[in-house]
>>> print(open('query-v5.cif').read())   # mmCIF, C-alpha atoms
data_model
#
loop_
_atom_site.label_atom_id
_atom_site.label_comp_id
_atom_site.auth_asym_id
_atom_site.auth_seq_id
_atom_site.Cartn_x
_atom_site.Cartn_y
_atom_site.Cartn_z
CA VAL H 1461 32.62 34.74 -32.39
CA HIS H 1462 36.41 35.01 -32.34
CA PHE H 1463 38.48 33.99 -35.37
CA ILE H 1464 42.02 32.86 -34.60
CA ALA H 1465 44.10 32.48 -37.76
CA SER H 1466 47.34 33.49 -39.46
CA ARG H 1467 45.52 36.06 -41.59
CA LEU H 1468 42.14 37.71 -41.87
CA PRO H 1469 39.49 35.44 -43.48
CA PHE H 1470 39.10 36.73 -47.04
CA ARG H 1471 35.30 36.84 -46.84
CA LEU H 1472 35.36 38.90 -43.66
CA ARG H 1473 35.56 42.06 -45.73
CA GLN H 1474 34.14 44.57 -43.28
CA PHE H 1475 33.52 45.01 -39.59
CA GLU H 1476 30.66 42.89 -38.29
CA GLN H 1477 29.16 43.32 -34.85
CA ASN H 1478 30.32 40.63 -32.39
CA ILE H 1479 32.85 39.12 -34.82
CA PHE H 1480 36.50 39.55 -33.86
CA PHE H 1481 39.79 38.49 -35.42
CA HIS H 1482 42.99 37.52 -33.62
CA GLU H 1483 46.18 37.00 -35.61
CA SER H 1484 48.39 34.05 -34.69
CA ALA H 1485 51.93 35.01 -35.70
CA PRO H 1486 54.86 32.74 -34.75
CA ALA H 1487 58.11 34.31 -33.57
CA TYR H 1488 61.11 33.60 -35.76
CA TYR H 1489 64.30 32.47 -34.07
CA PRO H 1490 67.56 31.54 -35.82
CA VAL H 1491 67.85 28.14 -34.13
CA PHE H 1492 64.67 26.96 -35.90
CA GLU H 1493 64.63 26.26 -39.63
CA GLU H 1494 60.91 27.07 -39.55
CA ALA H 1495 58.90 29.00 -36.99
CA PRO H 1496 56.86 26.70 -34.70
CA SER H 1497 53.50 28.02 -35.91
CA ASN H 1498 51.41 25.25 -34.32
CA LEU H 1499 52.79 26.07 -30.87
CA ALA H 1500 52.19 29.78 -31.46
CA LEU H 1501 48.60 28.94 -32.44
CA ALA H 1502 48.05 26.93 -29.26
CA ALA H 1503 49.40 29.83 -27.17
CA LYS H 1504 47.13 32.30 -29.00
CA MET H 1505 44.14 30.01 -28.39
CA VAL H 1506 44.89 30.03 -24.66
CA GLU H 1507 45.26 33.81 -24.65
CA VAL H 1508 41.95 34.43 -26.43
CA VAL H 1509 40.05 31.87 -24.33
CA GLU H 1510 41.29 33.46 -21.12
CA ASN H 1511 40.76 37.06 -22.24
CA TYR H 1512 37.24 36.57 -23.60
CA GLY H 1513 35.91 33.66 -21.55
CA LEU H 1514 35.31 31.32 -24.47
CA ASP H 1515 33.61 27.97 -23.93
CA VAL H 1516 34.10 26.16 -27.24
CA MET H 1517 36.93 26.04 -29.78
CA HIS H 1518 35.88 25.01 -33.31
CA VAL H 1519 38.90 23.94 -35.37
CA HIS H 1520 38.88 23.35 -39.09
CA TYR H 1521 41.13 20.48 -40.33
CA ALA H 1522 42.19 17.70 -38.00
CA MET H 1523 45.82 18.15 -39.00
CA PRO H 1524 47.31 20.22 -37.43
CA PHE H 1525 44.71 22.44 -35.75
CA ALA H 1526 42.98 19.80 -33.63
CA THR H 1527 46.35 19.04 -32.05
CA SER H 1528 46.93 22.73 -31.31
CA ALA H 1529 43.49 22.87 -29.67
CA TYR H 1530 44.30 19.80 -27.57
CA LEU H 1531 47.50 21.44 -26.36
CA ALA H 1532 45.61 24.64 -25.56
CA ARG H 1533 43.00 22.69 -23.60
CA GLN H 1534 45.71 21.00 -21.55
CA MET H 1535 47.33 24.34 -20.75
CA LEU H 1536 43.97 25.72 -19.60
CA LEU H 1537 43.27 22.94 -17.08
CA PRO H 1538 41.39 22.81 -14.75
CA ARG H 1539 39.28 25.20 -16.81
CA ALA H 1540 37.07 23.28 -19.27
CA LEU H 1541 37.23 23.99 -23.01
CA GLY H 1542 35.11 22.10 -25.52
CA VAL H 1543 36.78 21.25 -28.84
CA VAL H 1544 34.82 20.62 -32.06
CA THR H 1545 36.84 19.48 -35.08
CA THR H 1546 35.54 19.69 -38.64
CA LEU H 1547 37.11 17.45 -41.28
CA HIS H 1548 37.23 19.19 -44.65
CA GLY H 1549 39.06 16.90 -47.04
CA THR H 1550 42.79 16.88 -47.67
CA ASP H 1551 43.44 16.76 -43.92
CA ILE H 1552 42.01 13.23 -44.17
CA THR H 1553 42.47 12.07 -47.76
CA VAL H 1554 45.99 13.38 -48.42
CA VAL H 1555 48.06 15.02 -45.67
CA GLY H 1556 46.60 13.18 -42.70
CA ALA H 1557 47.02 9.81 -44.38
CA GLU H 1558 50.77 10.38 -44.86
CA PRO H 1559 52.79 8.10 -42.55
CA ALA H 1560 54.56 11.14 -41.07
CA TYR H 1561 51.22 12.65 -39.93
CA TYR H 1562 48.95 9.62 -39.59
CA ARG H 1563 49.18 9.16 -35.83
CA VAL H 1564 48.90 12.86 -34.97
CA THR H 1565 45.83 13.19 -37.24
CA GLN H 1566 44.26 10.14 -35.62
CA PHE H 1567 45.02 11.59 -32.18
CA GLY H 1568 43.49 14.94 -33.13
CA ILE H 1569 40.24 13.23 -34.11
CA GLU H 1570 40.09 11.01 -31.06
CA SER H 1571 40.89 13.84 -28.62
CA SER H 1572 38.11 16.13 -29.87
CA ASP H 1573 34.82 16.35 -27.98
CA ARG H 1574 32.83 16.38 -31.22
CA VAL H 1575 33.84 15.67 -34.82
CA THR H 1576 31.97 16.70 -37.96
CA ALA H 1577 32.62 16.07 -41.65
CA VAL H 1578 31.36 17.99 -44.68
CA SER H 1579 30.04 14.89 -46.51
CA ARG H 1580 29.15 11.23 -45.99
CA PHE H 1581 32.03 10.40 -48.33
CA LEU H 1582 34.52 12.13 -46.03
CA LYS H 1583 33.02 10.58 -42.90
CA GLN H 1584 33.38 7.10 -44.40
CA ARG H 1585 36.91 7.83 -45.62
CA ALA H 1586 37.97 9.06 -42.16
CA GLU H 1587 36.50 5.99 -40.46
CA ALA H 1588 38.17 3.64 -42.94
CA THR H 1589 41.55 5.40 -42.92
CA PHE H 1590 41.96 6.00 -39.20
CA GLY H 1591 39.75 3.31 -37.70
CA THR H 1592 38.37 5.91 -35.33
CA GLN H 1593 35.60 5.02 -32.92
CA ARG H 1594 34.77 8.69 -32.38
CA PRO H 1595 31.27 9.39 -33.83
CA ILE H 1596 31.46 11.69 -36.85
CA GLU H 1597 28.42 13.81 -37.68
CA VAL H 1598 27.89 14.99 -41.26
CA VAL H 1599 27.18 18.73 -41.42
CA TYR H 1600 27.07 19.92 -45.01
CA ASN H 1601 28.58 23.19 -46.15
CA PHE H 1602 26.06 25.88 -47.02
CA VAL H 1603 25.73 29.14 -48.91
CA ASP H 1604 23.64 32.26 -48.44
CA PRO H 1605 21.11 32.29 -51.33
CA GLU H 1606 20.70 36.03 -50.87
CA VAL H 1607 24.38 36.44 -51.76
CA PHE H 1608 24.75 33.70 -54.40
CA ALA H 1609 21.68 34.68 -56.36
CA PRO H 1610 20.68 34.53 -60.04
CA ARG H 1611 21.96 37.10 -62.50
CA ARG H 1612 20.91 40.67 -61.82
CA ALA H 1613 20.88 43.54 -64.26
CA GLY H 1614 24.31 45.15 -64.35
CA ARG H 1615 27.17 46.32 -66.52
CA LEU H 1616 29.54 43.42 -65.77
CA ARG H 1617 30.02 41.19 -68.83
CA LEU H 1618 32.35 38.32 -69.62
CA ALA H 1619 31.38 37.84 -73.27
CA GLY H 1620 29.47 39.50 -76.07
CA PRO H 1621 25.85 38.83 -77.11
CA GLY H 1622 25.21 35.24 -78.18
CA VAL H 1623 28.49 33.95 -76.73
CA ARG H 1624 28.14 31.17 -74.17
CA VAL H 1625 30.26 31.28 -71.01
CA MET H 1626 31.77 28.17 -69.40
CA MET H 1627 33.35 28.74 -65.99
CA HIS H 1628 35.65 26.94 -63.59
CA ALA H 1629 37.01 28.07 -60.21
CA SER H 1630 39.54 26.26 -58.03
CA ASN H 1631 43.06 26.27 -56.62
CA PHE H 1632 44.39 24.71 -59.85
CA ARG H 1633 45.84 21.60 -58.23
CA PRO H 1634 46.25 18.34 -60.20
CA VAL H 1635 43.17 16.84 -58.50
CA LYS H 1636 41.02 19.46 -60.30
CA ASN H 1637 41.79 17.94 -63.73
CA ILE H 1638 42.53 21.32 -65.28
CA PRO H 1639 43.71 19.91 -68.68
CA VAL H 1640 40.34 18.15 -69.07
CA ILE H 1641 38.60 21.52 -68.74
CA ILE H 1642 40.71 23.09 -71.50
CA GLN H 1643 40.26 20.08 -73.78
CA THR H 1644 36.50 20.04 -73.17
CA PHE H 1645 36.24 23.72 -73.98
CA ALA H 1646 38.18 23.22 -77.22
CA GLU H 1647 35.54 20.68 -78.29
CA VAL H 1648 32.72 23.06 -77.36
CA ARG H 1649 34.43 25.95 -79.16
CA ARG H 1650 34.41 23.99 -82.43
CA GLN H 1651 30.62 23.88 -82.31
CA MET H 1652 29.59 27.29 -80.98
CA GLN H 1653 30.77 30.71 -79.92
CA ALA H 1654 31.94 30.39 -76.33
CA LYS H 1655 34.31 31.74 -73.70
CA LEU H 1656 35.98 29.81 -70.91
CA VAL H 1657 36.52 31.75 -67.68
CA MET H 1658 39.10 30.26 -65.31
CA VAL H 1659 39.04 31.72 -61.79
CA GLY H 1660 41.83 30.97 -59.34
CA ASP H 1661 45.52 30.24 -59.30
CA GLY H 1662 47.83 27.35 -58.56
CA PRO H 1663 50.48 24.98 -59.93
CA GLU H 1664 48.42 23.83 -62.93
CA LYS H 1665 47.77 27.32 -64.30
CA PRO H 1666 50.90 27.72 -66.50
CA GLY H 1667 50.26 24.34 -68.12
CA ALA H 1668 46.63 25.28 -68.74
CA GLU H 1669 47.67 28.50 -70.47
CA GLN H 1670 50.11 26.57 -72.65
CA LEU H 1671 47.50 23.92 -73.52
CA ALA H 1672 45.01 26.63 -74.51
CA ARG H 1673 47.62 28.05 -76.91
CA GLU H 1674 48.40 24.62 -78.35
CA LEU H 1675 44.69 23.94 -78.99
CA GLY H 1676 44.22 27.37 -80.55
CA VAL H 1677 41.59 28.58 -78.07
CA HIS H 1678 43.75 30.91 -75.96
CA ARG H 1679 41.95 34.04 -77.20
CA ASP H 1680 38.70 32.65 -75.83
CA VAL H 1681 40.03 31.56 -72.43
CA LEU H 1682 40.11 34.19 -69.68
CA PHE H 1683 42.38 33.53 -66.70
CA LEU H 1684 41.15 35.89 -63.98
CA GLY H 1685 43.40 34.75 -61.12
CA ASN H 1686 42.10 34.71 -57.56
CA GLN H 1687 38.87 36.65 -57.07
CA ASP H 1688 36.96 37.50 -53.90
CA CYS H 1689 33.73 38.38 -55.72
CA MET H 1690 32.56 34.93 -56.84
CA GLU H 1691 28.97 35.93 -56.09
CA GLU H 1692 29.29 38.49 -58.91
CA LEU H 1693 31.07 36.23 -61.39
CA LEU H 1694 29.16 32.96 -61.06
CA PRO H 1695 25.77 34.29 -62.24
CA LEU H 1696 27.44 35.39 -65.50
CA ALA H 1697 28.18 31.78 -66.49
CA ASP H 1698 25.94 29.60 -68.64
CA VAL H 1699 27.49 26.42 -67.25
CA PHE H 1700 29.99 25.62 -64.50
CA ILE H 1701 32.40 22.69 -64.90
CA LEU H 1702 34.08 20.81 -62.05
CA PRO H 1703 35.65 17.53 -63.30
CA SER H 1704 37.69 16.82 -60.15
CA SER H 1705 39.14 13.35 -59.62
CA SER H 1706 38.29 13.79 -55.92
CA GLU H 1707 36.28 16.39 -54.04
CA SER H 1708 35.25 16.05 -50.41
CA PHE H 1709 32.35 18.43 -50.93
CA GLY H 1710 32.77 21.02 -53.70
CA LEU H 1711 31.46 24.25 -52.22
CA VAL H 1712 31.82 26.18 -55.47
CA ALA H 1713 29.36 23.77 -57.11
CA LEU H 1714 26.79 24.64 -54.46
CA GLU H 1715 27.48 28.35 -54.95
CA ALA H 1716 26.93 27.98 -58.70
CA MET H 1717 23.66 26.12 -58.25
CA SER H 1718 22.49 28.75 -55.77
CA ALA H 1719 23.07 31.27 -58.58
CA GLU H 1720 20.96 29.00 -60.86
CA VAL H 1721 23.95 28.02 -63.00
CA PRO H 1722 23.93 24.38 -64.20
CA VAL H 1723 26.91 22.37 -62.98
CA ILE H 1724 28.71 19.59 -64.82
CA ALA H 1725 30.75 17.64 -62.26
CA SER H 1726 32.51 14.32 -61.97
CA ASN H 1727 30.82 11.49 -60.07
CA ALA H 1728 33.51 11.51 -57.39
CA GLY H 1729 33.84 12.01 -53.65
CA GLY H 1730 31.19 14.21 -52.08
CA LEU H 1731 30.05 15.83 -55.33
CA PRO H 1732 27.07 13.46 -55.84
CA GLU H 1733 25.83 14.52 -52.39
CA VAL H 1734 26.04 18.19 -53.39
#
>>> encode(input="query-v5.cif", output="structure tokens")
Amino acid sequence: VHFIASRLPFRLRQFEQNIFFHESAPAYYPVFEEAPSNLALAAKMVEVVENYGLDVMHVHYAMPFATSAYLARQMLLPRALGVVTTLHGTDITVVGAEPAYYRVTQFGIESSDRVTAVSRFLKQRAEATFGTQRPIEVVYNFVDPEVFAPRRAGRLRLAGPGVRVMMHASNFRPVKNIPVIIQTFAEVRRQMQAKLVMVGDGPEKPGAEQLARELGVHRDVLFLGNQDCMEELLPLADVFILPSSSESFGLVALEAMSAEVPVIASNAGGLPEV
């Protein structure tokens, strides 16, 4: 398995036999306002396919990576290269639906040999938005239950004895409804001893910190920033909250449930399927 990406996948923490990483780095040239990263990616795909004799390219997100794979396949002709595209969410529901990217996203889907989506919700949204006739197979995300396991004995603690822990993890975008989490915790805090643990970073984080101060719960809200060790943090929660206004799947909800942590989530997008 060969990963081709702009940076090392954050969960590929150590060397694994038969797993290789290839960095796609665009060259900067003064005539361009921005480096043509999608063209550099297509060129890197061709290089890796030729050097290692690959048969299938699996791209994640229709926009823009399926288009890069199509370009790579054309450059490799007459050699055959299968292209599988997985739709993950915002490539369909947000970015791909923008008029500036609509046609190229539609083309990326139609030009793929196989297309998968992470939920029935996303499959239906893609079909409705792009009118594609390309069959889309639903292949759900998954977790390793040996990794995301119930709490084990250890020294790591997020709160003292008798204090309940509510947890949220995301990229802190508006779609995650971050203010609702803070407001909900403030109501819980009035009734019992509790801590709110916020994992991640993003544009909504400063506002969340300010709201916690305004509601007088800032001393009981822990902002941990981005963390790679979610399998260690999730089992420490008593409840996980994910009130997103839209979620194509919600992998962190599955990770929490694998760790036997109850999840409170909104009835939106692919979350009911999870």
>>> resolve_selection(input="query-v5.cif", expression="the PyMOL selection byres ((chain H and resi 1627) around 9)", output="list in words")
Val1625, Met1626, His1628, Ala1629, Lys1655, Leu1656, Val1657, Met1658, Val1659, Leu1694, Leu1696, Ala1697, Asp1698, Val1699, Phe1700, Ile1701 and Leu1702 of chain H
>>> closest_atom_pairs(input="query-v5.cif", of="region 1532-1635 of chain H", to="region 1496-1509 of chain H", cutoff="9 Å", atoms="only C-alpha atoms", output="JSON lines")
{"residue": "H:Ala1532", "atom": "CA", "partner": "H:Ala1502", "partner_atom": "CA", "distance": 5.0}
{"residue": "H:Arg1533", "atom": "CA", "partner": "H:Val1506", "partner_atom": "CA", "distance": 7.7}
{"residue": "H:Met1535", "atom": "CA", "partner": "H:Val1506", "partner_atom": "CA", "distance": 7.3}
{"residue": "H:Leu1536", "atom": "CA", "partner": "H:Val1506", "partner_atom": "CA", "distance": 6.7}
{"residue": "H:Leu1541", "atom": "CA", "partner": "H:Val1509", "partner_atom": "CA", "distance": 8.5}
>>> resolve_selection(input="query-v5.cif", expression="the PyMOL selection byres ((chain H and resi 1485) around 7)", output="ChimeraX atom specification")
/H:1466,1483-1484,1486-1487,1500
>>> resolve_selection(input="query-v5.cif", expression="the PyMOL selection byres ((chain H and resi 1687-1689) around 10)", output="MDAnalysis selection string")
chainID H and resid 1470:1471 1473 1629 1659:1661 1684:1686 1690:1694
>>> residues_around(input="query-v5.cif", residues="Phe1463 (chain H)", least_positions_apart="6", cutoff="8 Å", atoms="only C-alpha atoms", output="VMD selection string")
chain H and resid 1479 to 1482
>>> residues_around(input="query-v5.cif", residues="Pro1559 (chain H)", least_positions_apart="6", cutoff="12 Å", atoms="only C-alpha atoms", output="list in words")
Thr1565, Gln1566, Thr1589 and Phe1590 of chain H
>>> atom_distance(input="query-v5.cif", atom1="CA of Gln1651 (chain H)", atom2="CA of Asp1680 (chain H)")
13.6 Å
>>> atom_distance(input="query-v5.cif", atom1="CA of Lys1665 (chain H)", atom2="CA of Phe1632 (chain H)")
6.2 Å
>>> atom_distance(input="query-v5.cif", atom1="CA of Leu1547 (chain H)", atom2="CA of His1520 (chain H)")
6.5 Å
>>> closest_residue(input="query-v5.cif", among="H:Leu1714, H:Ile1596, H:Val1544, H:Ala1465", to="Asp1573 (chain H)", atoms="all atoms listed in the file")
H:Val1544
>>> residues_near_point(input="query-v5.cif", point="(46.5, 25.2, -56.3)", cutoff="8 Å", atoms="only C-alpha atoms", output="ChimeraX atom specification")
/H:1630-1634,1661-1664
>>> closest_residue(input="query-v5.cif", among="H:Pro1695, H:Pro1469, H:Gly1667, H:Pro1524", to="Pro1722 (chain H)", atoms="all atoms listed in the file")
H:Pro1695
>>> residues_around(input="query-v5.cif", residues="Ser1726 (chain H)", least_positions_apart="4", cutoff="8 Å", atoms="all atoms listed in the file", output="MDAnalysis selection string")
chainID H and resid 1702:1705 1731
>>> residues_around(input="query-v5.cif", residues="Val1623 (chain H)", least_positions_apart="5", cutoff="8 Å", atoms="only C-alpha atoms", output="PyMOL selection string")
chain H and resi 1652-1655
>>> residues_around(input="query-v5.cif", residues="Ala1526 (chain H)", least_positions_apart="4", cutoff="10 Å", atoms="only C-alpha atoms", output="NGL selection string")
:H and (1502 or 1517-1522 or 1530-1532 or 1543-1547 or 1564-1572)
